[in-house]
4 protein chains.
Amino acid sequence: MVPPLVTPFHPDGRLDLAAFEANLDAYAERDFAGYLVLGSNGEAGSLEEDEKLALLGLARARSGRRVLLAGTGLESTRATVDLTRKAADRGADAVLVLTPCYYKPSMTVEALQRHFEAVAEASPVPVLLYSVPAFTGLPWPPGLAAALAPHPGIAGMKESSGDVGLLGRIVASVPSSFQVLCGSGPVFYPALCVGAAGGVLAVANCAPLPVVAVLRAFEAGDHARARRVQEALTPLAVAVTATHGVAGLKAAMDLAGFRGGHVRAPLLPLPPGAREQLRTLLDRANAADDD
Amino acid sequence: MVPPLVTPFHPDGRLDLAAFEANLDAYAERDFAGYLVLGSNGEAGSLEEDEKLALLGLARARSGRRVLLAGTGLESTRATVDLTRKAADRGADAVLVLTPCYYKPSMTVEALQRHFEAVAEASPVPVLLYSVPAFTGLPWPPGLAAALAPHPGIAGMKESSGDVGLLGRIVASVPSSFQVLCGSGPVFYPALCVGAAGGVLAVANCAPLPVVAVLRAFEAGDHARARRVQEALTPLAVAVTATHGVAGLKAAMDLAGFRGGHVRAPLLPLPPGAREQLRTLLDRANAADDD
Amino acid sequence: MVPPLVTPFHPDGRLDLAAFEANLDAYAERDFAGYLVLGSNGEAGSLEEDEKLALLGLARARSGRRVLLAGTGLESTRATVDLTRKAADRGADAVLVLTPCYYKPSMTVEALQRHFEAVAEASPVPVLLYSVPAFTGLPWPPGLAAALAPHPGIAGMKESSGDVGLLGRIVASVPSSFQVLCGSGPVFYPALCVGAAGGVLAVANCAPLPVVAVLRAFEAGDHARARRVQEALTPLAVAVTATHGVAGLKAAMDLAGFRGGHVRAPLLPLPPGAREQLRTLLDRANAADDD
Amino acid sequence: MVPPLVTPFHPDGRLDLAAFEANLDAYAERDFAGYLVLGSNGEAGSLEEDEKLALLGLARARSGRRVLLAGTGLESTRATVDLTRKAADRGADAVLVLTPCYYKPSMTVEALQRHFEAVAEASPVPVLLYSVPAFTGLPWPPGLAAALAPHPGIAGMKESSGDVGLLGRIVASVPSSFQVLCGSGPVFYPALCVGAAGGVLAVANCAPLPVVAVLRAFEAGDHARARRVQEALTPLAVAVTATHGVAGLKAAMDLAGFRGGHVRAPLLPLPPGAREQLRTLLDRANAADDD
């Protein structure tokens with residue numbers, strides 16, 4: 001289980017590195033395999049390059065032997081290559097490369113394939129493909145994972161559509177060495193059932209225990225428990241992604257004793273009243289883990 | 001497992017009742033819990049009322065003690081009520097009621113709820129709700145199943161979106177007496193994992209053995225086998241629904257020794273070349289069951 | 001200008017033929033070229049065949065020398081042919097044939113082309129194609145109008161997407177003998193600019209004067225007036241279609257002195273409060289015509 | 001008429017500033033009101049900040065008294081403000097600010113309104129709003145233009161959805177001082193009919209004469225000519241945007257004697273065979289202008 005770390009900001013929009021470090025310290029006690037920095041939940045698109053490298057450096061220093069993934073996907077291939085090299089240089093163990101998505105009608109299978117291959121050729125570390133249609137507006141083309149899986153520089157994929165059938169078909173189309181990670185908290189358990197190798201889940205930032213419990217129950221063959229904890233976790237997972245976005249996730253972290261901090265505009269703070277709802281959902285998710 | 005029976009036609013478009021009966025005779029030996037007549041795969045929208053009642057009567061006569069479901073959803077509430085009563089009168093054990101869908105912007109949660117309630121009030125037999133957004137263009141509104149589940153005349157739902165997360169959230173929102181049936185072959189196994197009570201799957205018409213094998217493996221707790229058979233079944237399930245539609249399903253039935261027969265226009269016959277592909281997919285799906 | 005006539009119902013759901021006739025009598029004094037019966041705004045999908053033929057017969061008797069169009073599109077080709085013949089027999093001057101739309105993934109260009117050709121072959125009267133994606137969920141395939149325009153039995157098309165660019169490209173792709181009618185009130189004026197031959201507009205039922213004024217101003221080359229009246233008409237046109245649907249249209253007719261009557265379930269009556277808003281929009285639309 | 005200038009690249013991906021200048025020199029003889037640099041067709045998302053400022057500086061030096069618009073929209077409000085100030089400092093007369101679009105579910109009316117207001121507060125030059133749903137995946141919220149129009153720092157909008165009805169409703173909702181520019185070549189003429197104040201059209205880069213001819217014919221009240229030239233222009237306008245994207249536009253520029261140059265990856269070069277088709281479409285578009 002790998003949480004996609006949030007980037008806490010001060011009220012005036014500056015990076016709050018102390019809060020970022022505090023979260024890493026708190027997560028050190030959790031059963032996490034590693035961290036993702038500079039992902040969608042890290043507000044990567046709202047960060048300058050120097051901020052990105054500062055966060056990466058801090059995360060590396062605090063990650064110990066855990067795996068450190070860095071989101072380095074940008075709109076152009078050349079900029080993605082450039083950031084990928086810098087991230088590897090700062091200690092990222094692997095990079096997560098988002099589908100470019102601005103010129104949607106031009107992002108054909110061939111265009112995406114060449115992009116990922118070019119980044120993988122140039123990257124000193126393994127590349128993970130990253131698809132999140134809710135943000136990119138770009139569905140993942142059938143067959144693309146299978147076409148890229150043989151590349152020695154491409155190690156796997158984060159699939160965040162929430163479409164369990166699609167994730168399963170991707171798993172079935174690639175060799176077992178190509179790891180498909182689930183990026184959608186509300187379907188983590190069924191994604192594991194169809195072959196996901198693990199999860200990179202926003203909700204892990206605020207509710208590490210039940211998220212890990214789903215994984216461990218699944219690994220132990222205890223499907224009844226995995227399903228039960230998932231059902232308790234799902235409303236929270238929906239609330240901190242689809243419903244309230246990063247602002248919701250950060251508020252839930254604050255409620256759970258972590259340090260979410262503020263979002264950067266144009267994201268808005270959580271609307272009044274939502275905090276109490278999040279507290280209820282957090283309590284329910286954590287209670288499921290006690291059973 | 002309940003196959004949604006196809007309606008075989010002669011080349012000139014007339015009902016081929018002999019073929020319909022032959023299929024029921026062949027299915028009698030399979031491990032099916034019942035049948036659905038007049039569903040989407042039965043080309044219900046292209047049948048006249050007298051044809052519908054003839055098919056229903058035949059199915060009742062050949063179903064023995066198996067459960068017989070009948071699709072009776074029409075655009076207007078009054079026509080749906082009328083057909084529902086006739087279906088119950090002809091021996092349907094329960095009816096499957098599609099979301100009305102022509103006036104999409106007007107099909108609010110409230111409009112749909114009142115429609116289902118009115119049909120349930122008037123129906124002599126239990127009502128199953130039916131959502132199939134690929135055909136209706138209408139997503140299932142969150143909360144509608146939970147709102148309708150307490151109604152004594154409403155027994156469950158056929159959920160055919162293929163969205164496993166949605167199906168799981170519906171299951172989690174209703175009492176266990178409300179049965180949620182999976183209507184999407186490519187996600188049958190993960191749908192069972194999140195709580196589907198069974199399946200009403202087009203692909204069961206042409207490949208009964210592997211479809212039943214997924215269900216029995218799941219019930220036996222053999223998740224590895226359920227997943228393996230599902231993976232072998234999925235390409236066929238996609239081919240006879242999303243890719244080739246009812247014409248593909250009927251052709252696959254012919255290849256498997258059942259009698260699919262012709263489709264009614266505007267559906268077109270299977271394009272040349274697709275038959276061989278279906279044969280390959282059928283063989284693979286059936287081979288998985290031999291293990 | 002051709003209004004797509006609504007079908008008034010009594011509160012208990014029965015046809016209100018007296019109201020239907022009263023509307024025809026009132027429209028006789030308006031500058032209409034004809035009428036469409038059994039269209040989307042006529043709730044055709046909620047009518048039985050005997051009701052359809054009764055409405056058609058009445059409309060024929062009250063239409064005098066005006067053109068009478070009848071909506072005869074059904075899901076199957078054979079049922080569409082059958083109803084088309086009956087409509088011609090009852091006096092329809094032409095029929096409007098909706099794209100079949102239930103089996104969306106199967107409604108390829110070829111399937112639709114064959115369907116329309118088969119209906120046109122069998123129809124004793126000219127056929128008009130009908131596309132309304134907001135209800136069918138089916139976009140009009142580029143090139144289909146041009147492919148069908150040469151058919152001697154196909155006279156034109158009602159294009160109700162509201163996409164002026166699409167309508168213009170269709171006009172540019174067909175001979176001038178193929179008439180493209182605009183079916184979207186909010187874009188009537190720009191549709192005329194790009195070549196629409198006229199309009200079949202829901203809003204004409206409740207606001208005949210401004211709708212006709214747009215057409216006459218355009219024909220007279222008075223673009224400033226056409227645009228001004230269109231701008232005053234647009235909010236009403238949106239309210240009686242996209243926002244409130246047929247229930248809104250019927251309520252606006254009642255307010256305007258026509259007889260909209262009730263809708264059939266599952267359509268719901270207009271929500272409380274909306275009637276006053278409609279009155280305001282009606283007044284504004286009619287005031288623009290006084291200039 | 002304002003062309004959104006392309007950014008020519010060398011085959012190795014470096015900026016080709018000489019080609020950029022050559023285009024400005026060639027356009028000096030055309031009937032253009034100004035230029036837009038760093039728009040979607042300028043591949044702004046694939047440029048580094050220093051490249052952006054270099055292009056802007058060159059454009060300013062070569063624009064004389066023509067209006068110079070600069071695209072400065074980025075994902076975060078703070079980065080947009082920063083680039084806006086730099087662009088004003090380099091001589092931009094106004095800035096075009098794209099809707100942020102990565103966190104789609106969070107980009108509510110309120111979030112977008114606050115973003116645009118914050119940029120307008122900080123901008124030394126007038127702000128134009130920019131909506132292009134084909135790239136952003138974000139529809140323009142009804143009412144947002146009217147809410148922002150009173151702001152003294154907001155001068156207008158580039159509306160590139162191609163939805164003429166929407167553009168007309170925006171025009172009708174704002175004071176005449178708020179200029180709505182059409183950003184979709186295939187609907188330029190009908191957009192002018194419903195009140196667009198001008199156009200910022202990709203196709204103007206490769207076919208300046210017919211594009212300007214549409215505008216001048218419209219202004220002269222010659223609707224027949226405007227429509228005729230638009231019809232001849234539309235297939236080219238579709239080809240250099242929706243069909244072939246920026247690579248198509250650049251190739252068409254090369255064919256027309258301008259200097260399109262190469263695209264930056266992940267955009268792919270024009271596929272073989274498309275060049276001849278573009279030549280035919282260019283010839284047709286330019287021939288219409290000779291009439």
# chains A, B, ... in the order shown; residues from 1 in each chain; ligands from 1

call {"tool": "interface_residues", "arguments": {"of": "chain A", "to": "chain D", "cutoff": "10 Å", "atoms": "only C-alpha atoms", "output": "ChimeraX atom specification"}}
result
/A:13,40-41,43-48,74-80,99-108,110-116,118,134-138,241-247,264-269

call {"tool": "residues_around", "arguments": {"residues": "range 171-177 of chain A", "least_positions_apart": "6", "cutoff": "10 Å", "atoms": "only C-alpha atoms", "output": "compact mmCIF listing (two decimals) with C-alpha atoms, in the first residue's frame"}}
result
# COMPACT_ATOMS: atom_id res chain seq x y z
CA PRO A 142 -7.43 -1.12 -24.84
CA GLY A 143 -4.21 -2.84 -25.73
CA LEU A 144 -1.83 -0.06 -24.75
CA ALA A 145 -0.62 -1.71 -21.56
CA ALA A 146 0.04 -4.97 -23.39
CA ALA A 147 1.94 -3.07 -26.09
CA LEU A 148 4.16 -1.35 -23.54
CA ALA A 149 4.61 -4.17 -21.02
CA PRO A 150 7.55 -5.80 -22.87
CA ALA A 155 7.42 -1.79 -14.80
CA GLY A 156 3.70 -1.39 -14.39
CA MET A 157 0.75 0.93 -14.22
CA GLY A 165 -13.51 -4.72 -15.51
CA VAL A 194 -9.12 -9.37 -10.43
CA GLY A 195 -5.38 -9.11 -10.04
CA ALA A 196 -4.28 -5.69 -8.85
CA ALA A 197 -0.83 -5.98 -7.27
CA ARG B 228 -9.13 -17.92 -13.93
CA GLU B 231 -10.45 -14.33 -17.44
CA ALA B 232 -11.02 -17.03 -20.06
CA THR B 234 -14.32 -12.31 -20.53

call {"tool": "residues_around", "arguments": {"residues": "Ala285 in chain C", "least_positions_apart": "4", "cutoff": "12 Å", "atoms": "only C-alpha atoms", "output": "number ranges by chain"}}
result
C: 186, 203-204, 206-214, 228-239, 252, 256, 278-281, 289-291

call {"tool": "write_last_selection", "arguments": {"atoms": "C-alpha atoms", "output": "PDB file, in the first residue's frame"}}
result
ATOM      1  CA  PRO C 186     -33.002  27.917 -28.997  1.00  0.00           C
ATOM      2  CA  VAL C 203     -42.033  26.220 -28.477  1.00  0.00           C
ATOM      3  CA  ALA C 204     -44.300  26.967 -31.455  1.00  0.00           C
ATOM      4  CA  CYS C 206     -47.124  27.889 -26.841  1.00  0.00           C
ATOM      5  CA  ALA C 207     -45.643  30.962 -28.545  1.00  0.00           C
ATOM      6  CA  PRO C 208     -46.596  30.857 -32.218  1.00  0.00           C
ATOM      7  CA  LEU C 209     -46.165  34.559 -32.864  1.00  0.00           C
ATOM      8  CA  PRO C 210     -42.498  35.089 -31.965  1.00  0.00           C
ATOM      9  CA  VAL C 211     -41.501  31.772 -33.521  1.00  0.00           C
ATOM     10  CA  VAL C 212     -43.107  32.740 -36.800  1.00  0.00           C
ATOM     11  CA  ALA C 213     -41.655  36.225 -36.440  1.00  0.00           C
ATOM     12  CA  VAL C 214     -38.113  34.817 -36.420  1.00  0.00           C
ATOM     13  CA  ARG C 228     -33.625  40.122 -31.408  1.00  0.00           C
ATOM     14  CA  VAL C 229     -36.781  38.000 -31.377  1.00  0.00           C
ATOM     15  CA  GLN C 230     -34.713  34.830 -31.100  1.00  0.00           C
ATOM     16  CA  GLU C 231     -32.931  36.204 -28.030  1.00  0.00           C
ATOM     17  CA  ALA C 232     -36.286  36.956 -26.411  1.00  0.00           C
ATOM     18  CA  LEU C 233     -37.602  33.534 -27.362  1.00  0.00           C
ATOM     19  CA  THR C 234     -34.604  31.441 -26.327  1.00  0.00           C
ATOM     20  CA  PRO C 235     -35.179  31.340 -22.546  1.00  0.00           C
ATOM     21  CA  LEU C 236     -38.753  30.145 -23.113  1.00  0.00           C
ATOM     22  CA  ALA C 237     -37.609  27.614 -25.704  1.00  0.00           C
ATOM     23  CA  VAL C 238     -35.060  26.225 -23.241  1.00  0.00           C
ATOM     24  CA  ALA C 239     -37.615  26.133 -20.414  1.00  0.00           C
ATOM     25  CA  ALA C 252     -46.928  27.065 -21.048  1.00  0.00           C
ATOM     26  CA  ALA C 256     -50.979  30.992 -23.378  1.00  0.00           C
ATOM     27  CA  LEU C 278     -42.977  30.215 -17.479  1.00  0.00           C
ATOM     28  CA  ARG C 279     -45.467  33.083 -17.482  1.00  0.00           C
ATOM     29  CA  THR C 280     -42.633  35.578 -17.288  1.00  0.00           C
ATOM     30  CA  LEU C 281     -40.754  33.892 -20.112  1.00  0.00           C
ATOM     31  CA  ASP C 289     -42.848  40.196 -31.385  1.00  0.00           C
ATOM     32  CA  ASP C 290     -44.624  43.489 -30.791  1.00  0.00           C
ATOM     33  CA  ASP C 291     -41.692  45.562 -31.839  1.00  0.00           C
TER      34      ASP C 291
END

call {"tool": "select_by_dssp", "arguments": {"residues": "range 60-220 of chain B", "states": "strand (DSSP E)", "output": "PyMOL selection string"}}
result
chain B and resi 67-71+94-98+127-131+154-159+179-182+198-199

call {"tool": "residues_around", "arguments": {"residues": "Leu38 in chain D", "least_positions_apart": "6", "cutoff": "12 Å", "atoms": "only C-alpha atoms", "output": "PyMOL selection string"}}
result
chain D and resi 3-8+44-49+51-57+59+68-74+83-84+87+92+95-98

call {"tool": "atom_distance", "arguments": {"atom1": "CA of Ala224 in chain B", "atom2": "CA of Lys158 in chain A"}}
result
22.8 Å

call {"tool": "atom_distance", "arguments": {"atom1": "CA of Pro272 in chain C", "atom2": "CA of Asp254 in chain C"}}
result
15.0 Å

call {"tool": "decode", "arguments": {"residues": "range 170-209 of chain B", "atoms": "N, CA and C atoms", "output": "CSV table (one decimal), in the first residue's frame"}}
result
chain,number,residue,atom,x,y,z
B,170,ILE,N,-24.6,-0.3,-4.2
B,170,ILE,CA,-26.0,-0.7,-4.2
B,170,ILE,C,-26.2,-1.8,-3.1
B,171,VAL,N,-25.4,-2.8,-3.2
B,171,VAL,CA,-25.5,-4.0,-2.3
B,171,VAL,C,-25.4,-3.5,-0.9
B,172,ALA,N,-24.4,-2.6,-0.6
B,172,ALA,CA,-24.2,-2.1,0.7
B,172,ALA,C,-25.3,-1.2,1.2
B,173,SER,N,-26.1,-0.7,0.3
B,173,SER,CA,-27.2,0.2,0.7
B,173,SER,C,-28.6,-0.4,0.9
B,174,VAL,N,-28.7,-1.7,0.6
B,174,VAL,CA,-30.0,-2.3,0.7
B,174,VAL,C,-30.0,-3.5,1.7
B,175,PRO,N,-31.1,-3.9,2.2
B,175,PRO,CA,-31.1,-5.1,3.1
B,175,PRO,C,-30.8,-6.3,2.3
B,176,SER,N,-30.3,-7.4,3.0
B,176,SER,CA,-29.9,-8.6,2.3
B,176,SER,C,-31.0,-9.3,1.5
B,177,SER,N,-32.3,-8.9,1.9
B,177,SER,CA,-33.4,-9.5,1.2
B,177,SER,C,-33.6,-9.0,-0.2
B,178,PHE,N,-33.0,-7.9,-0.5
B,178,PHE,CA,-33.1,-7.3,-1.8
B,178,PHE,C,-31.9,-7.8,-2.6
B,179,GLN,N,-32.2,-8.6,-3.6
B,179,GLN,CA,-31.1,-9.3,-4.4
B,179,GLN,C,-30.7,-8.4,-5.5
B,180,VAL,N,-29.3,-8.2,-5.6
B,180,VAL,CA,-28.8,-7.5,-6.7
B,180,VAL,C,-28.1,-8.5,-7.7
B,181,LEU,N,-28.6,-8.6,-8.9
B,181,LEU,CA,-28.1,-9.5,-9.9
B,181,LEU,C,-27.2,-8.8,-10.8
B,182,CYS,N,-26.1,-9.4,-11.1
B,182,CYS,CA,-25.1,-8.9,-12.1
B,182,CYS,C,-25.6,-9.1,-13.5
B,183,GLY,N,-25.7,-8.1,-14.3
B,183,GLY,CA,-26.1,-8.3,-15.7
B,183,GLY,C,-24.9,-8.1,-16.7
B,184,SER,N,-23.7,-8.1,-16.3
B,184,SER,CA,-22.6,-7.9,-17.1
B,184,SER,C,-21.5,-9.0,-17.1
B,185,GLY,N,-21.5,-9.8,-18.1
B,185,GLY,CA,-20.6,-11.0,-18.1
B,185,GLY,C,-19.2,-10.7,-17.8
B,186,PRO,N,-18.6,-9.6,-18.4
B,186,PRO,CA,-17.2,-9.4,-18.2
B,186,PRO,C,-16.8,-9.1,-16.7
B,187,VAL,N,-17.7,-8.8,-15.9
B,187,VAL,CA,-17.4,-8.5,-14.5
B,187,VAL,C,-18.1,-9.4,-13.5
B,188,PHE,N,-18.5,-10.6,-13.9
B,188,PHE,CA,-19.3,-11.4,-13.1
B,188,PHE,C,-18.6,-11.8,-11.8
B,189,TYR,N,-17.4,-12.3,-11.9
B,189,TYR,CA,-16.6,-12.7,-10.7
B,189,TYR,C,-16.4,-11.5,-9.7
B,190,PRO,N,-15.9,-10.4,-10.1
B,190,PRO,CA,-15.8,-9.3,-9.1
B,190,PRO,C,-17.1,-8.8,-8.6
B,191,ALA,N,-18.2,-8.9,-9.4
B,191,ALA,CA,-19.5,-8.5,-8.9
B,191,ALA,C,-19.9,-9.5,-7.8
B,192,LEU,N,-19.7,-10.7,-8.0
B,192,LEU,CA,-20.0,-11.7,-6.9
B,192,LEU,C,-19.2,-11.3,-5.6
B,193,CYS,N,-17.9,-10.9,-5.8
B,193,CYS,CA,-17.1,-10.6,-4.7
B,193,CYS,C,-17.7,-9.4,-3.8
B,194,VAL,N,-18.3,-8.5,-4.5
B,194,VAL,CA,-18.8,-7.3,-3.8
B,194,VAL,C,-20.3,-7.5,-3.4
B,195,GLY,N,-20.8,-8.7,-3.6
B,195,GLY,CA,-22.2,-9.0,-3.1
B,195,GLY,C,-23.3,-9.3,-4.1
B,196,ALA,N,-23.0,-9.4,-5.4
B,196,ALA,CA,-24.1,-9.8,-6.3
B,196,ALA,C,-24.6,-11.2,-5.9
B,197,ALA,N,-25.9,-11.3,-6.0
B,197,ALA,CA,-26.6,-12.6,-5.6
B,197,ALA,C,-26.6,-13.6,-6.7
B,198,GLY,N,-26.2,-13.2,-7.8
B,198,GLY,CA,-26.2,-14.1,-9.0
B,198,GLY,C,-26.1,-13.3,-10.3
B,199,GLY,N,-26.3,-14.0,-11.4
B,199,GLY,CA,-26.1,-13.3,-12.7
B,199,GLY,C,-27.2,-13.6,-13.6
B,200,VAL,N,-27.5,-12.6,-14.5
B,200,VAL,CA,-28.4,-12.7,-15.6
B,200,VAL,C,-27.6,-12.3,-16.8
B,201,LEU,N,-26.9,-13.3,-17.4
B,201,LEU,CA,-25.8,-12.9,-18.3
B,201,LEU,C,-26.0,-13.5,-19.7
B,202,ALA,N,-25.9,-12.6,-20.7
B,202,ALA,CA,-26.1,-12.9,-22.1
B,202,ALA,C,-25.2,-14.1,-22.5
B,203,VAL,N,-24.0,-14.1,-22.0
B,203,VAL,CA,-23.0,-15.1,-22.4
B,203,VAL,C,-23.4,-16.5,-21.9
B,204,ALA,N,-24.3,-16.6,-20.9
B,204,ALA,CA,-24.8,-17.9,-20.5
B,204,ALA,C,-25.5,-18.6,-21.5
B,205,ASN,N,-26.1,-17.9,-22.5
B,205,ASN,CA,-26.8,-18.5,-23.6
B,205,ASN,C,-25.9,-19.4,-24.5
B,206,CYS,N,-24.7,-19.0,-24.6
B,206,CYS,CA,-23.8,-19.7,-25.6
B,206,CYS,C,-22.7,-20.5,-24.9
B,207,ALA,N,-22.4,-20.1,-23.6
B,207,ALA,CA,-21.3,-20.8,-22.9
B,207,ALA,C,-21.8,-21.1,-21.4
B,208,PRO,N,-22.8,-21.9,-21.3
B,208,PRO,CA,-23.3,-22.2,-19.9
B,208,PRO,C,-22.3,-22.7,-18.9
B,209,LEU,N,-21.4,-23.6,-19.4
B,209,LEU,CA,-20.5,-24.3,-18.5
B,209,LEU,C,-19.6,-23.3,-17.8
